[in-house]
Structure formats: C-alpha cells, structure tokens
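Participant: Got a structure for you, written out below as structure tokens; questions coming shortly.
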Amino acid sequence: MLSPSNEHTKSNYSLLYIEDKDEVRAKYLYYFKQNYEKVYEAPNAKKALEIYKLYKPRIIICDINLPDINGLEILKIIRQHDHQTRIIMLTAYSDTPKLLNAVKLKLTDYLVKPVSRESLKKALQVAHFEIETYEVTSKKRLLFKENYYWDYLSKSLYHHNNEIILTPNERKLLQLFCDHINITISYDEMIEDIWINYEENKYNAIKILLKNLRKKLPFETIKNIYGEGYRLNIS
C-alpha cells in the first residue's frame with residue numbers, strides 16, 4: 001500500500017511529520033511525499049501546533065525529543081479535544097516511563113529509532129485502518145473556543161453553562177459536525193443528514209441553516225474548506 005512507485009496511488013489522508021533534525025526530516029519526507037497527497041513538516045513544537053490548528057492533519061508522526069517542547073506535551077495538547085487524529089510516536093531509545101505516558105495518549109504505534117521502512121509502513125497501515133474504522137470523540141462534552149461546548153448527552157450547545165437555543169435542524173447539523181471531528185463535510189452530506197428525502201432545492205436552505213448556526217458559535221468554529229465543504233474547527 002505504501003511502496004513507492006510511479007503507478008502507486010497516493011493516499012488522500014494528510015500527514016504531519018515533526019522532527020527537529022533537518023537531515024532526518026528530509027529523508028523521511030521524501031518517503032511520505034511519495035505516498036501522501038498532503039504532507040506537512042515541522043522542526044519544533046511551536047510550528048507543529050500552528051500547522052495542526054491550520055490544517056488538522058489526519059495522521060501525525062512525532063519525534064519524542066524536540067528542542068522546545070517534549071513531543072508528549074504536544075500530543076497532550078492535541079488530545080485535550082481531539083481523539084480522532086492518528087498519532088505515531090518516534091523515539092531514539094526505549095524508555096519505559098515515557099512509553100507508559102505515551103500509551104495514555106492513545107497512540108497508533110510507538111517506534112524506536114532508527115525506524116525501518118517496513119515498520120513505518122505497517123504503522124501507517126494501522127493508522128489508515130483506524131481512520132476508516134473508528135470515530136473517537138468525547139462521551140460527554142466537546143470544548144470549543146471562548147468557553148462554548150457541545151454536550152453529547154443532551155445534544156445541546158452551551159456558553160459558560162448557559163444553553164444556546166438552537167432550532168431542531170441547527171441541532172442536527174451541529175451534531176453532525178461534532179460527530180465527525182477533523183472531517184470536511186460537503187453540502188450534499190449535510191442535506192442528506194438533515195432531510196430524509198434528498199432534494200436539489202435544499203441547497204439554499206442548507207446554506208441559510210449553516211449561516212445561522214455559525215453565528216451562534218465562536219468565529220470560524222465551523223470553517224469553510226474552499227471547494228470541499230465545511231469542517232469543525234475546535235482549536
């Protein structure tokens with residue numbers, strides 16, 4: 001699935017690779033770019049978090065030792081609200097305490113460097129399987145910016161524990177986004193979820209519904225992905 005070839009179809013999953021050593025990063029980036037349409041790179045935690053917030057990559061491969069913030073700390077920040085992105089941790093040594101902390105972050109894999117292409121390939125295959133098979137979200141609350149949050153149990157939107165009144169269709173639409181974190185949703189998919197009988201004339205209705213819902217949330221909580229649709233932005 002990940003063997004380089006001119007005939008090989010690249011994965012459309014986006015990937016972020018975090019590694020501070022330029023020569024090591026360049027070596028692996030060559031491999032990743034042969035197999036993924038969208039590949040982002042970061043030499044440190046600050047840049048990695050900027051890229052994560054902007055692009056929400058589906059897969060993150062992170063070295064545990066970085067110059068500014070430990071790789072585990074980056075992943076703790078991400079896991080505060082994102083349990084869907086698949087994460088592969090790389091380390092230069094096998095450290096049991098660090099390994100135990102990493103396990104708590106629900107990693108796809110933990111690889112000891114130097115990492116062989118075969119072991120990396122297998123870890124990425126597992127990441128693909130997890131993306132395609134599981135949707136992982138908080139069972140109770142999903143936190144947004146500015147102290148807004150979605151309550152999964154009551155299917156309600158709150159700001160500082162005060163409920164924001166939603167219409168039934170606004171509620172259904174927000175639930176759709178909250179159930180598909182990091183996934184871009186098209187107008188067609190929104191229409192099919194909101195209305196049982198799909199009709200082309202629902203395009204104006206879904207645009208108005210989306211516009212009204214976005215007004216009730218912090219700025220760009222539901223973000224437009226040009227030419228593709230909209231995606232929940234909870235960073």
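Labels used: A, B, ... for chains in the order of the structure tokens, numbers from 1 for residues in each chain, and numbers from 1 for ligands as shown.
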Any chance you could list, as number ranges by chain, the residues in range 25-226 of chain A that come up strand (DSSP E) when DSSP is run on the backbone?
Facilitator: A: 36-42, 59-63, 86-91, 109-112, 141-143, 148-151, 156-159, 162-164, 222-225
Participant: Generate a file of the selected residues that holds N, CA and C atoms, formatted as a CSV table (one decimal), in the first residue's frame.
Facilitator:
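Resulting contents of part_26.csv:
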```csv
chain,number,residue,atom,x,y,z
A,36,TYR,N,1.7,10.2,0.1
A,36,TYR,CA,0.6,11.1,0.6
A,36,TYR,C,0.5,12.3,-0.3
A,37,GLU,N,-0.8,12.7,-0.6
A,37,GLU,CA,-1.0,13.9,-1.3
A,37,GLU,C,-0.6,15.2,-0.6
A,38,LYS,N,-0.9,15.2,0.7
A,38,LYS,CA,-0.7,16.4,1.6
A,38,LYS,C,0.2,16.0,2.7
A,39,VAL,N,1.5,16.5,2.7
A,39,VAL,CA,2.4,16.3,3.7
A,39,VAL,C,2.9,17.6,4.3
A,40,TYR,N,2.9,17.7,5.6
A,40,TYR,CA,3.3,18.9,6.3
A,40,TYR,C,4.5,18.6,7.2
A,41,GLU,N,5.4,19.5,7.4
A,41,GLU,CA,6.6,19.2,8.2
A,41,GLU,C,6.8,20.3,9.3
A,42,ALA,N,7.4,20.0,10.4
A,42,ALA,CA,7.7,20.9,11.5
A,42,ALA,C,8.9,20.5,12.2
A,59,ILE,N,-3.1,12.3,10.2
A,59,ILE,CA,-2.0,11.4,10.8
A,59,ILE,C,-0.9,12.3,11.3
A,60,ILE,N,-0.4,12.1,12.5
A,60,ILE,CA,0.8,12.8,13.0
A,60,ILE,C,1.9,11.8,13.3
A,61,ILE,N,3.1,12.1,12.8
A,61,ILE,CA,4.3,11.3,13.2
A,61,ILE,C,5.2,12.3,13.9
A,62,CYS,N,5.5,12.0,15.2
A,62,CYS,CA,6.2,12.9,16.0
A,62,CYS,C,7.4,12.3,16.8
A,63,ASP,N,8.5,13.0,16.7
A,63,ASP,CA,9.7,12.6,17.5
A,63,ASP,C,9.4,13.0,18.9
A,86,ARG,N,-4.8,10.2,14.2
A,86,ARG,CA,-3.9,9.1,14.5
A,86,ARG,C,-2.5,9.5,14.7
A,87,ILE,N,-1.8,9.0,15.7
A,87,ILE,CA,-0.5,9.5,16.1
A,87,ILE,C,0.5,8.3,16.2
A,88,ILE,N,1.6,8.5,15.6
A,88,ILE,CA,2.7,7.6,15.7
A,88,ILE,C,3.9,8.3,16.3
A,89,MET,N,4.4,7.8,17.5
A,89,MET,CA,5.5,8.4,18.2
A,89,MET,C,6.8,7.7,17.8
A,90,LEU,N,7.9,8.5,17.6
A,90,LEU,CA,9.2,8.0,17.3
A,90,LEU,C,10.1,8.4,18.5
A,91,THR,N,11.0,7.5,18.9
A,91,THR,CA,12.0,7.9,19.9
A,91,THR,C,13.3,7.2,19.6
A,109,ASP,N,1.0,3.8,17.3
A,109,ASP,CA,2.2,3.0,17.5
A,109,ASP,C,3.3,3.8,18.1
A,110,TYR,N,4.3,3.2,18.6
A,110,TYR,CA,5.4,3.8,19.3
A,110,TYR,C,6.7,3.1,18.8
A,111,LEU,N,7.4,3.7,17.9
A,111,LEU,CA,8.5,3.1,17.2
A,111,LEU,C,9.9,3.6,17.7
A,112,VAL,N,10.8,2.7,17.9
A,112,VAL,CA,12.2,3.1,18.4
A,112,VAL,C,13.1,3.3,17.1
A,141,ARG,N,-18.6,15.9,26.6
A,141,ARG,CA,-18.5,17.3,26.1
A,141,ARG,C,-17.4,17.5,25.1
A,142,LEU,N,-17.7,18.4,24.2
A,142,LEU,CA,-16.7,18.8,23.2
A,142,LEU,C,-16.5,20.3,23.4
A,143,LEU,N,-15.3,20.7,23.8
A,143,LEU,CA,-15.0,22.1,24.1
A,143,LEU,C,-14.6,22.9,22.8
A,148,TYR,N,-17.4,27.9,24.9
A,148,TYR,CA,-18.5,27.2,24.4
A,148,TYR,C,-18.3,25.7,24.4
A,149,TYR,N,-19.3,24.9,24.5
A,149,TYR,CA,-19.1,23.5,24.4
A,149,TYR,C,-20.4,22.8,24.0
A,150,TRP,N,-20.2,21.6,23.4
A,150,TRP,CA,-21.3,20.8,22.9
A,150,TRP,C,-21.5,19.6,23.9
A,151,ASP,N,-22.7,19.4,24.4
A,151,ASP,CA,-22.9,18.3,25.3
A,151,ASP,C,-23.5,17.2,24.5
A,156,SER,N,-26.9,19.5,23.2
A,156,SER,CA,-27.2,20.9,23.4
A,156,SER,C,-25.9,21.7,23.3
A,157,LEU,N,-26.0,23.0,22.9
A,157,LEU,CA,-24.8,23.9,22.9
A,157,LEU,C,-24.9,24.8,24.1
A,158,TYR,N,-23.7,25.0,24.8
A,158,TYR,CA,-23.7,25.9,25.9
A,158,TYR,C,-22.6,26.9,25.8
A,159,HIS,N,-22.8,28.0,26.5
A,159,HIS,CA,-21.7,29.0,26.7
A,159,HIS,C,-21.7,29.4,28.1
A,162,ASN,N,-24.6,28.2,30.1
A,162,ASN,CA,-25.9,28.7,29.7
A,162,ASN,C,-26.2,28.2,28.3
A,163,GLU,N,-27.4,27.5,28.1
A,163,GLU,CA,-27.7,26.9,26.9
A,163,GLU,C,-28.0,27.9,25.8
A,164,ILE,N,-27.4,27.7,24.6
A,164,ILE,CA,-27.7,28.5,23.4
A,164,ILE,C,-28.9,27.8,22.7
A,222,ILE,N,-17.0,26.6,12.7
A,222,ILE,CA,-17.3,25.8,11.5
A,222,ILE,C,-16.6,26.5,10.4
A,223,LYS,N,-15.5,25.9,9.9
A,223,LYS,CA,-14.7,26.6,8.9
A,223,LYS,C,-14.9,26.2,7.5
A,224,ASN,N,-14.9,27.1,6.6
A,224,ASN,CA,-15.0,26.8,5.2
A,224,ASN,C,-13.7,26.2,4.6
A,225,ILE,N,-13.8,25.1,4.0
A,225,ILE,CA,-12.6,24.5,3.3
A,225,ILE,C,-12.9,24.7,1.8
```
Participant: Could you give me, as a PyMOL selection string, the residues within 12 Å of Asn65 in chain A, counting only C-alpha atoms and dropping anything in the same chain fewer than 6 positions from it?
Facilitator: chain A and resi 18-21+43-45+71-74+89-93+95+98+113
Participant: Considering only C-alpha atoms, return as a PyMOL selection string whatever protein or nucleic-acid residues lie within 6 Å of range 212-221 of chain A, sequence-local ones (same chain, fewer than 4 positions apart) excluded.
Facilitator: chain A and resi 170+232-233
Participant: Mind dumping the selected residues with C-alpha atoms as a PDB file, in the first residue's frame?
Facilitator:
```
ATOM      1  CA  GLU A 170     -29.416  23.593  13.728  1.00  0.00           C
ATOM      2  CA  LEU A 232     -15.415  21.753  12.682  1.00  0.00           C
ATOM      3  CA  ASN A 233     -12.524  23.843  13.975  1.00  0.00           C
TER       4      ASN A 233
END
```
Participant: So that I can check the secondary structure, give me every residue of range 20-171 of chain A assigned alpha helix (DSSP H) by backbone DSSP, as a tab-separated table (two decimals) with N, CA and C atoms, in the first residue's frame.
Facilitator:
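Now in out.tsv:
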```
chain	number	residue	atom	x	y	z
A	22	ASP	N	17.27	18.24	10.59
A	22	ASP	CA	16.95	18.53	9.19
A	22	ASP	C	17.21	17.35	8.27
A	23	GLU	N	18.36	16.67	8.46
A	23	GLU	CA	18.72	15.58	7.55
A	23	GLU	C	17.78	14.38	7.73
A	24	VAL	N	17.40	14.13	8.96
A	24	VAL	CA	16.47	13.02	9.23
A	24	VAL	C	15.10	13.36	8.65
A	25	ARG	N	14.66	14.60	8.87
A	25	ARG	CA	13.34	15.02	8.38
A	25	ARG	C	13.28	14.93	6.86
A	26	ALA	N	14.33	15.36	6.20
A	26	ALA	CA	14.37	15.33	4.73
A	26	ALA	C	14.26	13.91	4.20
A	27	LYS	N	14.94	12.98	4.88
A	27	LYS	CA	14.93	11.57	4.46
A	27	LYS	C	13.52	10.99	4.51
A	28	TYR	N	12.84	11.20	5.63
A	28	TYR	CA	11.50	10.64	5.77
A	28	TYR	C	10.47	11.39	4.94
A	29	LEU	N	10.66	12.70	4.78
A	29	LEU	CA	9.71	13.48	3.97
A	29	LEU	C	9.67	12.97	2.53
A	30	TYR	N	10.82	12.58	2.03
A	30	TYR	CA	10.87	12.03	0.67
A	30	TYR	C	9.96	10.81	0.55
A	31	TYR	N	10.02	9.96	1.57
A	31	TYR	CA	9.18	8.75	1.58
A	31	TYR	C	7.70	9.10	1.72
A	32	PHE	N	7.39	10.02	2.65
A	32	PHE	CA	5.99	10.39	2.87
A	32	PHE	C	5.37	11.03	1.63
A	33	LYS	N	6.12	11.89	0.97
A	33	LYS	CA	5.57	12.60	-0.19
A	33	LYS	C	5.35	11.68	-1.38
A	34	GLN	N	6.00	10.52	-1.37
A	34	GLN	CA	5.74	9.53	-2.41
A	34	GLN	C	4.42	8.81	-2.17
A	35	ASN	N	3.90	8.91	-0.96
A	35	ASN	CA	2.74	8.11	-0.59
A	35	ASN	C	1.52	8.90	-0.12
A	45	ALA	N	7.92	22.11	18.21
A	45	ALA	CA	6.55	22.01	18.70
A	45	ALA	C	5.71	23.22	18.31
A	46	LYS	N	6.29	24.41	18.40
A	46	LYS	CA	5.54	25.63	18.08
A	46	LYS	C	5.01	25.58	16.65
A	47	LYS	N	5.90	25.24	15.71
A	47	LYS	CA	5.49	25.17	14.30
A	47	LYS	C	4.49	24.03	14.10
A	48	ALA	N	4.70	22.92	14.79
A	48	ALA	CA	3.81	21.77	14.67
A	48	ALA	C	2.38	22.13	15.08
A	49	LEU	N	2.23	22.83	16.19
A	49	LEU	CA	0.90	23.20	16.67
A	49	LEU	C	0.23	24.21	15.75
A	50	GLU	N	1.03	25.10	15.15
A	50	GLU	CA	0.49	26.06	14.18
A	50	GLU	C	-0.09	25.31	12.97
A	51	ILE	N	0.67	24.33	12.48
A	51	ILE	CA	0.22	23.56	11.33
A	51	ILE	C	-1.00	22.72	11.69
A	52	TYR	N	-0.97	22.11	12.87
A	52	TYR	CA	-2.09	21.29	13.32
A	52	TYR	C	-3.38	22.11	13.37
A	53	LYS	N	-3.31	23.30	13.96
A	53	LYS	CA	-4.50	24.14	14.10
A	53	LYS	C	-5.01	24.61	12.74
A	54	LEU	N	-4.10	24.83	11.81
A	54	LEU	CA	-4.48	25.34	10.50
A	54	LEU	C	-5.03	24.25	9.59
A	55	TYR	N	-4.40	23.07	9.58
A	55	TYR	CA	-4.74	22.04	8.59
A	55	TYR	C	-5.39	20.78	9.18
A	71	GLY	N	7.77	16.00	22.78
A	71	GLY	CA	6.74	15.52	21.87
A	71	GLY	C	5.48	15.04	22.59
A	72	LEU	N	5.65	14.47	23.78
A	72	LEU	CA	4.49	14.02	24.55
A	72	LEU	C	3.61	15.19	24.95
A	73	GLU	N	4.22	16.33	25.24
A	73	GLU	CA	3.44	17.51	25.65
A	73	GLU	C	2.61	18.03	24.48
A	74	ILE	N	3.16	17.98	23.26
A	74	ILE	CA	2.39	18.38	22.07
A	74	ILE	C	1.15	17.51	21.96
A	75	LEU	N	1.34	16.22	22.12
A	75	LEU	CA	0.24	15.29	21.93
A	75	LEU	C	-0.80	15.42	23.05
A	76	LYS	N	-0.36	15.78	24.25
A	76	LYS	CA	-1.31	16.03	25.33
A	76	LYS	C	-2.21	17.21	24.99
A	77	ILE	N	-1.63	18.24	24.39
A	77	ILE	CA	-2.41	19.41	23.97
A	77	ILE	C	-3.45	19.00	22.93
A	78	ILE	N	-3.03	18.21	21.97
A	78	ILE	CA	-3.93	17.77	20.90
A	78	ILE	C	-5.03	16.88	21.46
A	79	ARG	N	-4.68	15.99	22.37
A	79	ARG	CA	-5.65	15.04	22.91
A	79	ARG	C	-6.66	15.69	23.86
A	96	THR	N	10.79	3.12	29.38
A	96	THR	CA	9.54	2.60	29.92
A	96	THR	C	8.62	3.67	30.48
A	97	PRO	N	9.11	4.63	31.31
A	97	PRO	CA	8.20	5.68	31.81
A	97	PRO	C	7.57	6.49	30.69
A	98	LYS	N	8.40	6.86	29.68
A	98	LYS	CA	7.86	7.63	28.56
A	98	LYS	C	6.87	6.78	27.77
A	99	LEU	N	7.18	5.51	27.63
A	99	LEU	CA	6.28	4.62	26.91
A	99	LEU	C	4.92	4.54	27.61
A	100	LEU	N	4.93	4.44	28.93
A	100	LEU	CA	3.68	4.37	29.69
A	100	LEU	C	2.88	5.65	29.53
A	101	ASN	N	3.56	6.81	29.53
A	101	ASN	CA	2.86	8.08	29.31
A	101	ASN	C	2.31	8.17	27.91
A	102	ALA	N	3.06	7.63	26.95
A	102	ALA	CA	2.62	7.68	25.56
A	102	ALA	C	1.37	6.82	25.35
A	103	VAL	N	1.31	5.68	26.02
A	103	VAL	CA	0.17	4.79	25.88
A	103	VAL	C	-1.13	5.50	26.27
A	117	ARG	N	11.79	1.12	7.16
A	117	ARG	CA	10.68	1.48	6.28
A	117	ARG	C	9.53	0.50	6.43
A	118	GLU	N	9.85	-0.75	6.69
A	118	GLU	CA	8.81	-1.77	6.83
A	118	GLU	C	7.97	-1.53	8.09
A	119	SER	N	8.63	-1.22	9.22
A	119	SER	CA	7.87	-0.99	10.46
A	119	SER	C	7.05	0.29	10.35
A	120	LEU	N	7.58	1.30	9.66
A	120	LEU	CA	6.83	2.54	9.46
A	120	LEU	C	5.63	2.29	8.56
A	121	LYS	N	5.84	1.51	7.53
A	121	LYS	CA	4.76	1.16	6.62
A	121	LYS	C	3.64	0.45	7.36
A	122	LYS	N	3.99	-0.50	8.23
A	122	LYS	CA	2.97	-1.25	8.98
A	122	LYS	C	2.21	-0.31	9.93
A	123	ALA	N	2.93	0.61	10.57
A	123	ALA	CA	2.27	1.55	11.49
A	123	ALA	C	1.29	2.45	10.73
A	124	LEU	N	1.67	2.88	9.55
A	124	LEU	CA	0.79	3.73	8.74
A	124	LEU	C	-0.43	2.94	8.24
A	125	GLN	N	-0.23	1.69	7.94
A	125	GLN	CA	-1.36	0.85	7.54
A	125	GLN	C	-2.38	0.74	8.68
A	126	VAL	N	-1.86	0.60	9.90
A	126	VAL	CA	-2.75	0.55	11.07
A	126	VAL	C	-3.48	1.89	11.24
A	127	ALA	N	-2.76	2.99	11.03
A	127	ALA	CA	-3.38	4.32	11.14
A	127	ALA	C	-4.51	4.46	10.13
A	128	HIS	N	-4.29	4.01	8.91
A	128	HIS	CA	-5.34	4.05	7.88
A	128	HIS	C	-6.55	3.23	8.31
A	129	PHE	N	-6.28	2.04	8.84
A	129	PHE	CA	-7.37	1.17	9.29
A	129	PHE	C	-8.18	1.84	10.39
A	130	GLU	N	-7.50	2.48	11.35
A	130	GLU	CA	-8.20	3.12	12.46
A	130	GLU	C	-9.05	4.29	11.98
A	131	ILE	N	-8.52	5.07	11.04
A	131	ILE	CA	-9.29	6.20	10.50
A	131	ILE	C	-10.55	5.71	9.81
A	132	GLU	N	-10.40	4.63	9.06
A	132	GLU	CA	-11.52	4.11	8.27
A	132	GLU	C	-12.53	3.33	9.11
A	133	THR	N	-12.12	2.90	10.31
A	133	THR	CA	-12.96	2.00	11.10
A	133	THR	C	-13.60	2.68	12.30
A	168	PRO	N	-34.36	22.82	15.75
A	168	PRO	CA	-34.12	21.37	15.58
A	168	PRO	C	-33.11	21.05	14.49
A	169	ASN	N	-33.18	21.75	13.36
A	169	ASN	CA	-32.24	21.46	12.27
A	169	ASN	C	-30.84	21.99	12.58
A	170	GLU	N	-30.73	23.11	13.30
A	170	GLU	CA	-29.42	23.59	13.73
A	170	GLU	C	-28.78	22.58	14.67
A	171	ARG	N	-29.59	22.00	15.54
A	171	ARG	CA	-29.09	20.99	16.47
A	171	ARG	C	-28.58	19.76	15.71
```
Participant: When distances are computed from only C-alpha atoms, which of A:Asn182, A:His160, A:Asp68, A:Leu166 shows the smallest separation from Glu146 in chain A?
Facilitator: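 Among A:Asn182, A:His160, A:Asp68, A:Leu166, it is A:His160 that comes nearest to Glu146 in chain A.
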Participant: Measuring atom to atom with only C-alpha atoms, identify which of A:Gly229, A:Lys211, A:Arg58, A:Thr167 is nearest to Met190 in chain A.
Facilitator: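 That would be A:Gly229, the residue with the smallest distance to Met190 in chain A.
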Participant: If you measure from CA of Arg231 in chain A to CA of Tyr17 in chain A, what distance in Å do you get, rounded to one decimal?
Facilitator: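 About the pair CA of Arg231 in chain A and CA of Tyr17 in chain A: they are 22.0 Å apart.
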Participant: Would you mind reading off the distance between CA of Gln80 in chain A and CA of Ile183 in chain A, one decimal, in Å?
Facilitator: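 About the pair CA of Gln80 in chain A and CA of Ile183 in chain A: they are 17.7 Å apart.
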Participant: Which residues come within 12 Å of Ile191 in chain A, counting only C-alpha atoms, excluding same-chain residues fewer than 3 positions away, as an NGL selection string?
Facilitator: :A and (169 or 172-173 or 176 or 185-188 or 194-210)
Participant: Please compute the CA of Tyr152 in chain A-CA of Lys56 in chain A distance, one decimal, in Å.
Facilitator: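 CA of Tyr152 in chain A sits 21.8 Å away from CA of Lys56 in chain A.
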